[in-house]
$ cat input_0.cif   # mmCIF, C-alpha atoms
data_start
#
loop_
_atom_site.label_atom_id
_atom_site.label_comp_id
_atom_site.auth_asym_id
_atom_site.auth_seq_id
_atom_site.Cartn_x
_atom_site.Cartn_y
_atom_site.Cartn_z
CA MET A 484 10.78 -2.83 -23.61
CA GLN A 485 9.90 -4.29 -27.00
CA THR A 486 6.31 -5.22 -27.76
CA SER A 487 7.42 -8.73 -28.75
CA HIS A 488 8.43 -9.34 -25.11
CA ILE A 489 5.05 -8.30 -23.68
CA ASP A 490 2.40 -10.77 -22.56
CA ASN A 491 -0.01 -11.31 -25.47
CA ARG A 492 -2.93 -11.14 -23.04
CA LEU A 493 -1.94 -7.61 -22.09
CA ILE A 494 -1.65 -6.62 -25.75
CA GLN A 495 -5.18 -7.87 -26.36
CA ILE A 496 -6.55 -6.06 -23.28
CA LEU A 497 -4.92 -2.79 -24.32
CA ALA A 498 -6.10 -3.14 -27.93
CA GLN A 499 -9.67 -3.36 -26.66
CA HIS A 500 -9.61 -0.88 -23.77
CA GLN A 501 -6.63 1.49 -24.26
CA PRO A 502 -5.77 1.50 -28.00
CA ALA A 503 -4.23 4.99 -27.87
CA ALA A 504 -1.72 3.92 -25.23
CA LEU A 505 -0.91 0.73 -27.12
CA ALA A 506 -0.38 2.62 -30.39
CA ALA A 507 2.68 4.38 -28.95
CA GLY A 508 4.41 1.02 -28.59
CA SER A 509 6.10 2.15 -25.37
CA PHE A 510 6.28 -0.22 -22.37
CA LEU A 511 8.31 1.11 -19.46
CA PRO A 512 8.87 -1.32 -16.55
CA GLN A 513 8.52 0.23 -13.10
CA GLN A 514 10.40 -0.63 -9.96
CA GLY A 515 8.38 -2.54 -7.41
CA LEU A 516 8.60 -5.68 -5.33
CA SER A 517 5.03 -6.93 -5.32
CA GLY A 518 4.59 -7.62 -9.00
CA GLN A 519 5.18 -6.57 -12.60
CA THR A 520 4.10 -3.02 -13.39
CA LEU A 521 4.40 -1.27 -16.75
CA ILE A 522 3.67 2.28 -17.90
CA VAL A 523 2.17 1.96 -21.36
CA GLY A 524 2.07 4.78 -23.90
CA GLU A 525 3.44 8.30 -24.02
CA GLY A 526 2.27 11.86 -23.40
CA HIS A 527 -1.42 12.11 -22.56
CA ALA A 528 -2.12 8.57 -23.81
CA LYS A 529 -0.72 6.66 -20.85
CA ALA A 530 -1.94 3.74 -18.80
CA VAL A 531 -0.49 1.63 -16.00
CA ALA A 532 -0.67 -2.16 -16.30
CA ARG A 533 -0.22 -4.19 -13.10
CA ALA A 534 0.02 -7.98 -13.18
CA GLU A 535 -0.82 -10.38 -10.39
CA PRO A 536 2.50 -10.94 -8.55
CA HIS A 537 4.50 -13.90 -9.83
CA LEU A 538 5.51 -14.59 -6.24
CA SER A 539 2.40 -14.83 -4.09
CA MET A 540 2.08 -12.41 -1.17
CA PRO A 541 -0.57 -12.53 1.58
CA TRP A 542 -3.63 -10.35 0.95
CA VAL A 543 -2.43 -8.90 -2.41
CA SER A 544 -5.23 -9.15 -4.99
CA ARG A 545 -5.54 -7.20 -8.24
CA ARG A 546 -9.24 -8.14 -8.39
CA ARG A 547 -9.88 -6.47 -5.02
CA GLU A 548 -7.65 -3.54 -6.03
CA TYR A 549 -9.78 -3.00 -9.14
CA ALA A 550 -13.05 -3.25 -7.19
CA ILE A 551 -11.86 -0.66 -4.65
CA LEU A 552 -10.64 1.75 -7.33
CA LYS A 553 -13.97 1.32 -9.12
CA GLN A 554 -15.77 2.15 -5.87
CA LEU A 555 -13.62 5.27 -5.40
CA GLN A 556 -13.86 6.46 -9.00
CA GLY A 557 -14.51 10.19 -9.22
CA GLN A 558 -13.55 10.88 -5.59
CA GLY A 559 -10.12 12.32 -6.38
CA LEU A 560 -8.26 9.75 -4.29
CA GLY A 561 -6.52 7.47 -6.76
CA PRO A 562 -6.21 6.52 -10.44
CA THR A 563 -9.24 5.72 -12.55
CA PRO A 564 -9.53 1.96 -13.16
CA VAL A 565 -9.83 0.82 -16.78
CA VAL A 566 -10.23 -2.93 -16.66
CA TRP A 567 -9.41 -6.07 -14.71
CA ALA A 568 -8.81 -9.12 -16.89
CA SER A 569 -6.74 -11.76 -15.13
CA PRO A 570 -3.86 -11.49 -14.63
CA TRP A 571 -3.77 -7.80 -15.60
CA LEU A 572 -5.19 -4.70 -13.94
CA VAL A 573 -5.08 -1.59 -16.12
CA VAL A 574 -5.58 1.89 -14.65
CA GLU A 575 -5.19 5.37 -16.05
CA HIS A 576 -1.82 6.99 -15.45
CA LEU A 577 -1.88 9.79 -12.87
CA PRO A 578 0.08 12.78 -14.21
CA GLY A 579 2.27 14.13 -11.44
CA ASN A 580 5.32 13.45 -9.33
CA ALA A 581 5.75 10.85 -6.63
CA LEU A 582 6.79 12.41 -3.33
CA SER A 583 9.99 11.33 -1.66
CA ALA A 584 9.94 10.29 1.99
CA ALA A 585 11.18 13.76 2.96
CA GLU A 586 8.54 15.49 0.81
CA THR A 587 5.80 13.28 2.28
CA GLY A 588 6.81 14.48 5.73
CA GLU A 589 6.80 18.08 4.54
CA HIS A 590 3.26 17.67 3.17
CA ILE A 591 1.97 15.72 6.17
CA ALA A 592 -1.05 18.00 6.75
CA GLU A 593 -2.17 17.38 3.16
CA VAL A 594 -1.60 13.64 3.63
CA ALA A 595 -3.77 13.74 6.75
CA ASP A 596 -6.52 15.53 4.78
CA LEU A 597 -6.26 12.92 2.02
CA LEU A 598 -6.56 10.03 4.48
CA ALA A 599 -9.47 11.68 6.24
CA ARG A 600 -11.32 11.93 2.91
CA LEU A 601 -10.52 8.29 2.11
CA HIS A 602 -11.71 7.12 5.52
CA HIS A 603 -15.09 8.78 4.96
CA GLN A 604 -15.75 6.57 1.92
CA PRO A 605 -17.99 3.48 2.21
CA LEU A 606 -16.38 0.26 3.39
CA CYS A 607 -15.34 -2.22 0.71
CA GLY A 608 -16.57 -5.26 2.67
CA GLN A 609 -13.19 -7.00 3.00
CA ARG A 610 -11.74 -6.68 6.49
CA ILE A 611 -8.01 -6.61 7.11
CA SER A 612 -7.07 -9.02 9.91
CA MET A 613 -3.56 -8.48 11.20
CA THR A 614 -3.79 -11.77 13.08
CA ASP A 615 -4.59 -13.69 9.89
CA LEU A 616 -1.93 -11.81 7.90
CA LEU A 617 0.81 -12.61 10.41
CA ALA A 618 -0.29 -16.26 10.53
CA GLN A 619 -0.01 -16.45 6.73
CA TYR A 620 3.51 -15.02 6.80
CA TRP A 621 4.47 -17.53 9.49
CA GLN A 622 3.21 -20.38 7.32
CA ARG A 623 4.93 -19.19 4.14
CA CYS A 624 8.36 -18.25 5.50
CA GLN A 625 11.01 -20.92 5.85
CA THR A 626 13.01 -19.20 8.58
CA HIS A 627 11.43 -18.64 12.01
CA SER A 628 13.68 -16.93 14.52
CA PRO A 629 13.08 -17.17 18.30
CA GLN A 630 12.60 -13.40 18.28
CA TRP A 631 9.82 -13.72 15.71
CA LEU A 632 8.08 -16.37 17.81
CA ARG A 633 8.33 -14.23 20.98
CA ARG A 634 6.85 -11.19 19.24
CA TRP A 635 4.10 -13.22 17.61
CA ARG A 636 3.08 -14.96 20.85
CA ARG A 637 3.05 -11.66 22.73
CA LEU A 638 0.68 -10.11 20.17
CA GLN A 639 -1.52 -13.20 20.15
CA ARG A 640 -1.91 -12.93 23.92
CA GLN A 641 -2.79 -9.25 23.68
CA GLY A 642 -5.19 -9.59 20.76
CA GLU A 643 -5.76 -6.92 18.15
CA PRO A 644 -6.76 -3.48 19.47
CA LYS A 645 -10.49 -2.84 19.34
CA PRO A 646 -11.05 -0.53 16.35
CA LEU A 647 -11.49 3.13 17.13
CA ARG A 648 -13.39 3.56 13.86
CA LEU A 649 -13.65 1.20 10.88
CA ALA A 650 -12.89 2.68 7.46
CA LEU A 651 -11.58 1.85 4.04
CA LEU A 652 -7.77 1.93 4.32
CA HIS A 653 -5.02 2.20 1.72
CA MET A 654 -2.39 0.54 3.93
CA ASP A 655 0.65 1.45 1.82
CA VAL A 656 1.02 5.19 2.33
CA HIS A 657 4.65 6.20 1.96
CA GLY A 658 6.93 8.25 -0.28
CA GLY A 659 6.51 6.87 -3.78
CA ASN A 660 2.82 6.04 -3.44
CA VAL A 661 1.77 9.64 -2.82
CA ILE A 662 1.49 11.56 -6.10
CA ALA A 663 1.40 15.35 -6.31
CA THR A 664 -0.99 16.22 -9.15
CA ALA A 665 -2.41 19.52 -10.36
CA GLN A 666 -5.59 18.65 -8.43
CA GLY A 667 -3.78 17.78 -5.18
CA LEU A 668 -2.33 14.64 -3.63
CA ARG A 669 -3.46 11.22 -4.87
CA LEU A 670 -2.58 7.65 -3.88
CA ILE A 671 -1.40 4.84 -6.15
CA ASP A 672 -0.75 1.11 -5.55
CA TRP A 673 -3.91 0.01 -3.74
CA GLU A 674 -3.00 -3.70 -3.59
CA TYR A 675 -3.07 -3.84 0.24
CA ALA A 676 -6.27 -1.82 0.67
CA GLY A 677 -9.18 -3.08 2.74
CA ASP A 678 -11.35 -2.25 5.75
CA GLY A 679 -9.71 -1.65 9.12
CA ASP A 680 -9.10 0.68 12.03
CA ILE A 681 -8.25 4.26 11.08
CA ALA A 682 -5.40 4.23 13.63
CA LEU A 683 -3.87 1.23 11.84
CA GLU A 684 -3.55 3.36 8.70
CA LEU A 685 -1.88 6.21 10.60
CA ALA A 686 0.51 3.80 12.33
CA ALA A 687 1.43 2.24 8.99
CA ALA A 688 2.02 5.62 7.36
CA SER A 689 4.17 6.71 10.31
CA LEU A 690 6.40 3.64 10.15
CA MET A 691 6.62 3.07 6.41
CA THR A 692 7.45 6.62 5.31
CA PRO A 693 9.03 6.85 8.00
CA LEU A 694 7.94 10.01 9.81
CA ARG A 695 9.87 11.87 12.49
CA PRO A 696 8.14 12.16 15.91
CA ALA A 697 7.07 15.76 15.26
CA GLN A 698 5.65 14.77 11.87
CA GLN A 699 3.78 11.84 13.40
CA GLN A 700 2.27 14.19 15.97
CA ARG A 701 1.27 16.62 13.23
CA LEU A 702 -0.35 13.79 11.23
CA ILE A 703 -2.39 12.68 14.23
CA GLU A 704 -3.41 16.19 15.26
CA ARG A 705 -4.45 17.23 11.76
CA TYR A 706 -6.33 13.98 11.16
CA ALA A 707 -8.09 14.23 14.53
CA GLN A 708 -9.14 17.79 13.69
CA CYS A 709 -10.55 16.67 10.31
CA CYS A 710 -12.49 13.78 11.86
CA ALA A 711 -13.59 15.39 15.15
CA LEU A 712 -11.57 12.95 17.27
CA SER A 713 -9.56 13.35 20.44
CA PRO A 714 -5.89 13.57 19.33
CA GLU A 715 -4.75 12.03 22.61
CA ARG A 716 -7.04 9.03 22.21
CA LEU A 717 -6.05 8.64 18.57
CA ALA A 718 -2.35 8.82 19.45
CA ARG A 719 -2.75 6.06 22.05
CA GLN A 720 -4.51 3.85 19.51
CA VAL A 721 -1.77 4.46 16.92
CA GLN A 722 0.81 3.36 19.49
CA ARG A 723 -1.14 0.14 20.16
CA TRP A 724 -0.95 -0.80 16.49
CA LYS A 725 2.77 -0.11 16.01
CA PRO A 726 4.04 -3.48 17.38
CA TRP A 727 1.71 -5.25 14.93
CA LEU A 728 3.01 -3.14 12.05
CA ARG A 729 6.65 -3.60 13.00
CA LEU A 730 6.21 -7.37 13.03
CA LEU A 731 4.29 -7.29 9.74
CA MET A 732 7.05 -5.25 8.08
CA ALA A 733 9.73 -7.64 9.31
CA CYS A 734 7.70 -10.60 8.02
CA TRP A 735 7.22 -8.90 4.65
CA TYR A 736 10.96 -8.38 4.22
CA GLN A 737 11.64 -11.93 5.36
CA LEU A 738 9.27 -13.52 2.86
CA ARG A 739 10.39 -11.34 -0.04
CA ALA A 740 14.04 -12.03 0.78
CA GLU A 741 13.38 -15.78 0.75
CA GLN A 742 11.41 -15.58 -2.49
CA THR A 743 13.91 -13.44 -4.40
CA GLN A 744 17.25 -14.15 -2.68
CA ASP A 745 17.85 -10.42 -3.05
CA ALA A 746 20.77 -9.20 -0.92
CA GLU A 747 19.18 -5.82 -0.20
CA LEU A 748 15.96 -7.45 1.00
CA GLN A 749 17.93 -9.88 3.14
CA ALA A 750 19.71 -6.92 4.78
CA LEU A 751 16.39 -5.13 5.34
CA ALA A 752 14.91 -8.26 6.90
CA ALA A 753 17.88 -8.66 9.23
CA ARG A 754 17.62 -5.01 10.26
CA ALA A 755 13.86 -5.28 10.83
CA TRP A 756 14.29 -8.21 13.22
CA LEU A 757 16.79 -6.18 15.25
CA SER A 758 14.48 -3.18 15.55
CA ARG A 759 12.44 -2.48 18.66
CA SER A 760 9.12 -4.30 18.79
CA ASP A 761 7.14 -2.16 21.24
#
$ encode --input "input_0.cif" --output "structure tokens"
Amino acid sequence: MQTSHIDNRLIQILAQHQPAALAAGSFLPQQGLSGQTLIVGEGHAKAVARAEPHLSMPWVSRRREYAILKQLQGQGLGPTPVVWASPWLVVEHLPGNALSAAETGEHIAEVADLLARLHHQPLCGQRISMTDLLAQYWQRCQTHSPQWLRRWRRLQRQGEPKPLRLALLHMDVHGGNVIATAQGLRLIDWEYAGDGDIALELAAASLMTPLRPAQQQRLIERYAQCCALSPERLARQVQRWKPWLRLLMACWYQLRAEQTQDAELQALAARAWLSRSD
């Protein structure tokens, strides 16, 4: 991408905070549905620039993403933040390879260790409410199927599961966001992070990767071992969260499909509404 096509605000931010990356004059757009992301620079002088999404999504906030990465700096969990200057978040580029869904499943014990370390960090002070998130999706989407309404009412009657243990969550753990570096696995794309139940994180990772039943069991057992928890109790709590996650994923596809009119997203939304909800 030519420099002349880049937001002048980003050029100014990079000139002040990452001049070596800017000097290379290389801006490589990255695939992603939540917002514009660019890899800036070449070789060792690389940074990642992430803009606030053009199309608003519930909960996504680059300001909160920056604050969380700043809190986690030096813990070996994610990229080092450089600067937040609206609408751009700039972080250091993590050298390594993103795992595929299959590779994430193969490294599930290491993923469990990584999540256990994350969940022992201090809370960020911003609680994830699945009830509020689903209500926001309902308000923003134009299409409301009877199936959606039935699922939503059922969950409202049940209420959110009482947290097993509150922790800082990443909430977007899947192949592509897990990076294999020379120092071990790291996580990128922290835009959905916040405080919540540890079992919610495990349920999300299980569904979004997605993991096979044996891999899900291994994730729960390894995590329970790391955190001195009963694997049976943890597994039951993960199951309680799955209907909430399945509905959230369907809502996410629905809203993105309506915003972008993308055929692939429309197909994913249609498939998500047909999937089991329990």
$ closest_atom_pairs --input "input_0.cif" --of "range 514-538 of chain A" --to "range 564-571 of chain A" --cutoff "6 Å" --atoms "only C-alpha atoms" --output "CSV"
residue,atom,partner,partner_atom,distance
A:Arg533,CA,A:Trp571,CA,5.6
A:Ala534,CA,A:Trp571,CA,4.5
A:Glu535,CA,A:Pro570,CA,5.3
$ resolve_selection --input "input_0.cif" --expression "the PyMOL selection byres ((chain A and resi 504-512) around 6)" --output "list of chain:residue names"
A:Met484, A:Gln501, A:Pro502, A:Ala503, A:Gln513, A:Thr520, A:Leu521, A:Ile522, A:Val523, A:Gly524, A:Ala528, A:Lys529
$ axis_aligned_box --input "input_0.cif" --around "range 666-669 of chain A" --padding-each-side "4 Å" --output "lines of an AutoDock Vina configuration file"
center_x = -4.0
center_y = 14.9
center_z = -6.0
size_x = 11.3
size_y = 15.4
size_z = 12.8
$ atom_distance --input "input_0.cif" --atom1 "CA of Ser689 in chain A" --atom2 "CA of Gln625 in chain A"
28.8 Å
$ residues_around --input "input_0.cif" --residues "range 538-546 of chain A" --least-positions-apart "5" --cutoff "12 Å" --atoms "all atoms listed in the file" --output "PDB file with C-alpha atoms, in the coordinates of the input"
ATOM      1  CA  LEU A 516       8.600  -5.680  -5.330  1.00  0.00           C
ATOM      2  CA  SER A 517       5.030  -6.930  -5.320  1.00  0.00           C
ATOM      3  CA  GLY A 518       4.590  -7.620  -9.000  1.00  0.00           C
ATOM      4  CA  GLN A 519       5.180  -6.570 -12.600  1.00  0.00           C
ATOM      5  CA  THR A 520       4.100  -3.020 -13.390  1.00  0.00           C
ATOM      6  CA  ALA A 532      -0.670  -2.160 -16.300  1.00  0.00           C
ATOM      7  CA  ARG A 533      -0.220  -4.190 -13.100  1.00  0.00           C
ATOM      8  CA  ILE A 551     -11.860  -0.660  -4.650  1.00  0.00           C
ATOM      9  CA  LEU A 552     -10.640   1.750  -7.330  1.00  0.00           C
ATOM     10  CA  LYS A 553     -13.970   1.320  -9.120  1.00  0.00           C
ATOM     11  CA  PRO A 564      -9.530   1.960 -13.160  1.00  0.00           C
ATOM     12  CA  VAL A 566     -10.230  -2.930 -16.660  1.00  0.00           C
ATOM     13  CA  TRP A 567      -9.410  -6.070 -14.710  1.00  0.00           C
ATOM     14  CA  ALA A 568      -8.810  -9.120 -16.890  1.00  0.00           C
ATOM     15  CA  SER A 569      -6.740 -11.760 -15.130  1.00  0.00           C
ATOM     16  CA  PRO A 570      -3.860 -11.490 -14.630  1.00  0.00           C
ATOM     17  CA  TRP A 571      -3.770  -7.800 -15.600  1.00  0.00           C
ATOM     18  CA  LEU A 572      -5.190  -4.700 -13.940  1.00  0.00           C
ATOM     19  CA  VAL A 573      -5.080  -1.590 -16.120  1.00  0.00           C
ATOM     20  CA  VAL A 574      -5.580   1.890 -14.650  1.00  0.00           C
ATOM     21  CA  GLN A 609     -13.190  -7.000   3.000  1.00  0.00           C
ATOM     22  CA  ARG A 610     -11.740  -6.680   6.490  1.00  0.00           C
ATOM     23  CA  ILE A 611      -8.010  -6.610   7.110  1.00  0.00           C
ATOM     24  CA  SER A 612      -7.070  -9.020   9.910  1.00  0.00           C
ATOM     25  CA  MET A 613      -3.560  -8.480  11.200  1.00  0.00           C
ATOM     26  CA  THR A 614      -3.790 -11.770  13.080  1.00  0.00           C
ATOM     27  CA  ASP A 615      -4.590 -13.690   9.890  1.00  0.00           C
ATOM     28  CA  LEU A 616      -1.930 -11.810   7.900  1.00  0.00           C
ATOM     29  CA  LEU A 617       0.810 -12.610  10.410  1.00  0.00           C
ATOM     30  CA  ALA A 618      -0.290 -16.260  10.530  1.00  0.00           C
ATOM     31  CA  GLN A 619      -0.010 -16.450   6.730  1.00  0.00           C
ATOM     32  CA  TYR A 620       3.510 -15.020   6.800  1.00  0.00           C
ATOM     33  CA  TRP A 621       4.470 -17.530   9.490  1.00  0.00           C
ATOM     34  CA  GLN A 622       3.210 -20.380   7.320  1.00  0.00           C
ATOM     35  CA  ARG A 623       4.930 -19.190   4.140  1.00  0.00           C
ATOM     36  CA  CYS A 624       8.360 -18.250   5.500  1.00  0.00           C
ATOM     37  CA  MET A 654      -2.390   0.540   3.930  1.00  0.00           C
ATOM     38  CA  ASP A 655       0.650   1.450   1.820  1.00  0.00           C
ATOM     39  CA  ASP A 672      -0.750   1.110  -5.550  1.00  0.00           C
ATOM     40  CA  TRP A 673      -3.910   0.010  -3.740  1.00  0.00           C
ATOM     41  CA  GLU A 674      -3.000  -3.700  -3.590  1.00  0.00           C
ATOM     42  CA  TYR A 675      -3.070  -3.840   0.240  1.00  0.00           C
ATOM     43  CA  ALA A 676      -6.270  -1.820   0.670  1.00  0.00           C
ATOM     44  CA  GLY A 677      -9.180  -3.080   2.740  1.00  0.00           C
ATOM     45  CA  LEU A 731       4.290  -7.290   9.740  1.00  0.00           C
ATOM     46  CA  CYS A 734       7.700 -10.600   8.020  1.00  0.00           C
ATOM     47  CA  TRP A 735       7.220  -8.900   4.650  1.00  0.00           C
ATOM     48  CA  TYR A 736      10.960  -8.380   4.220  1.00  0.00           C
ATOM     49  CA  GLN A 737      11.640 -11.930   5.360  1.00  0.00           C
ATOM     50  CA  LEU A 738       9.270 -13.520   2.860  1.00  0.00           C
ATOM     51  CA  ARG A 739      10.390 -11.340  -0.040  1.00  0.00           C
ATOM     52  CA  ALA A 740      14.040 -12.030   0.780  1.00  0.00           C
ATOM     53  CA  GLU A 741      13.380 -15.780   0.750  1.00  0.00           C
ATOM     54  CA  GLN A 742      11.410 -15.580  -2.490  1.00  0.00           C
ATOM     55  CA  THR A 743      13.910 -13.440  -4.400  1.00  0.00           C
TER      56      THR A 743
END
$ resolve_selection --input "input_0.cif" --expression "the PyMOL selection byres ((chain A and resi 628) around 12)" --output "ChimeraX atom specification"
/A:621,624-627,629-635,733-734,737,752-753,756-757
$ closest_residue --input "input_0.cif" --among "A:Asp678, A:Glu575, A:Glu525, A:Glu684" --to "Val594 in chain A" --atoms "all atoms listed in the file"
A:Glu684
$ residues_around --input "input_0.cif" --residues "range 598-600 of chain A" --least-positions-apart "2" --cutoff "10 Å" --atoms "all atoms listed in the file" --output "list in words"
Gln558, Gly559, Leu560, Ala592, Glu593, Val594, Ala595, Asp596, His602, His603, Gln604, Ala650, Leu651, Leu652, His653, Val656, Arg669, Leu670, Ile681, Glu684, Leu685, Leu702, Arg705, Tyr706, Ala707, Gln708, Cys709 and Cys710 of chain A
$ resolve_selection --input "input_0.cif" --expression "the PyMOL selection byres ((chain A and resi 687) around 9)" --output "VMD selection string"
chain A and resid 654 to 657 682 to 686 688 to 693 721 724 to 725 728 to 729
$ residues_around --input "input_0.cif" --residues "range 554-557 of chain A" --least-positions-apart "5" --cutoff "10 Å" --atoms "all atoms listed in the file" --output "JSON, numbers by chain"
{"A": [548, 549, 562, 563, 564, 601, 604, 605, 606, 607]}
$ residues_around --input "input_0.cif" --residues "Pro726 in chain A" --least-positions-apart "3" --cutoff "9 Å" --atoms "all atoms listed in the file" --output "CSV table (one decimal) with C-alpha atoms, keeping the file's coordinate frame"
chain,number,residue,atom,x,y,z
A,634,ARG,CA,6.8,-11.2,19.2
A,638,LEU,CA,0.7,-10.1,20.2
A,722,GLN,CA,0.8,3.4,19.5
A,723,ARG,CA,-1.1,0.1,20.2
A,729,ARG,CA,6.6,-3.6,13.0
A,730,LEU,CA,6.2,-7.4,13.0
A,731,LEU,CA,4.3,-7.3,9.7
A,759,ARG,CA,12.4,-2.5,18.7
A,760,SER,CA,9.1,-4.3,18.8
A,761,ASP,CA,7.1,-2.2,21.2
$ closest_residue --input "input_0.cif" --among "A:Ala746, A:Ala718, A:Ile671, A:Ile496" --to "Arg701 in chain A" --atoms "all atoms listed in the file"
A:Ala718
$ atom_distance --input "input_0.cif" --atom1 "CA of Arg719 in chain A" --atom2 "CA of Pro696 in chain A"
13.9 Å
$ atom_distance --input "input_0.cif" --atom1 "CA of Thr587 in chain A" --atom2 "CA of Ala530 in chain A"
24.4 Å
$ build_atoms --input "input_0.cif" --residues "range 636-656 of chain A" --atoms "N, CA and C atoms" --output "compact mmCIF listing (two decimals), in the frame of the given file"
# COMPACT_ATOMS: atom_id res chain seq x y z
N ARG A 636 3.82 -14.46 19.70
CA ARG A 636 3.08 -14.96 20.85
C ARG A 636 2.60 -13.83 21.75
N ARG A 637 3.43 -12.80 21.90
CA ARG A 637 3.05 -11.66 22.73
C ARG A 637 1.81 -10.96 22.14
N LEU A 638 1.82 -10.76 20.82
CA LEU A 638 0.68 -10.11 20.17
C LEU A 638 -0.57 -10.99 20.20
N GLN A 639 -0.38 -12.30 20.07
CA GLN A 639 -1.52 -13.20 20.15
C GLN A 639 -2.19 -13.13 21.52
N ARG A 640 -1.35 -13.04 22.57
CA ARG A 640 -1.91 -12.93 23.92
C ARG A 640 -2.68 -11.63 24.10
N GLN A 641 -2.14 -10.56 23.54
CA GLN A 641 -2.79 -9.25 23.68
C GLN A 641 -4.08 -9.16 22.86
N GLY A 642 -4.06 -9.73 21.67
CA GLY A 642 -5.19 -9.59 20.76
C GLY A 642 -5.15 -8.24 20.05
N GLU A 643 -5.77 -8.17 18.92
CA GLU A 643 -5.76 -6.92 18.15
C GLU A 643 -6.53 -5.82 18.91
N PRO A 644 -6.03 -4.59 18.84
CA PRO A 644 -6.76 -3.48 19.47
C PRO A 644 -8.18 -3.37 18.92
N LYS A 645 -9.12 -3.06 19.79
CA LYS A 645 -10.49 -2.84 19.34
C LYS A 645 -10.53 -1.59 18.47
N PRO A 646 -11.09 -1.67 17.27
CA PRO A 646 -11.05 -0.53 16.35
C PRO A 646 -11.66 0.74 16.96
N LEU A 647 -10.97 1.83 16.74
CA LEU A 647 -11.49 3.13 17.13
C LEU A 647 -12.62 3.53 16.18
N ARG A 648 -12.38 3.30 14.89
CA ARG A 648 -13.39 3.56 13.86
C ARG A 648 -12.99 2.76 12.63
N LEU A 649 -13.92 1.98 12.09
CA LEU A 649 -13.65 1.20 10.88
C LEU A 649 -13.78 2.08 9.65
N ALA A 650 -12.86 1.90 8.69
CA ALA A 650 -12.89 2.68 7.46
C ALA A 650 -12.18 1.91 6.36
N LEU A 651 -12.35 2.38 5.15
CA LEU A 651 -11.58 1.85 4.04
C LEU A 651 -10.17 2.42 4.11
N LEU A 652 -9.16 1.53 4.17
CA LEU A 652 -7.77 1.93 4.32
C LEU A 652 -6.98 1.65 3.05
N HIS A 653 -5.95 2.44 2.82
CA HIS A 653 -5.02 2.20 1.72
C HIS A 653 -3.93 1.23 2.13
N MET A 654 -3.35 1.43 3.28
CA MET A 654 -2.39 0.54 3.93
C MET A 654 -1.02 0.45 3.25
N ASP A 655 -0.70 1.42 2.39
CA ASP A 655 0.65 1.45 1.82
C ASP A 655 1.04 2.89 1.53
N VAL A 656 0.75 3.76 2.49
CA VAL A 656 1.02 5.19 2.33
C VAL A 656 2.46 5.48 2.71
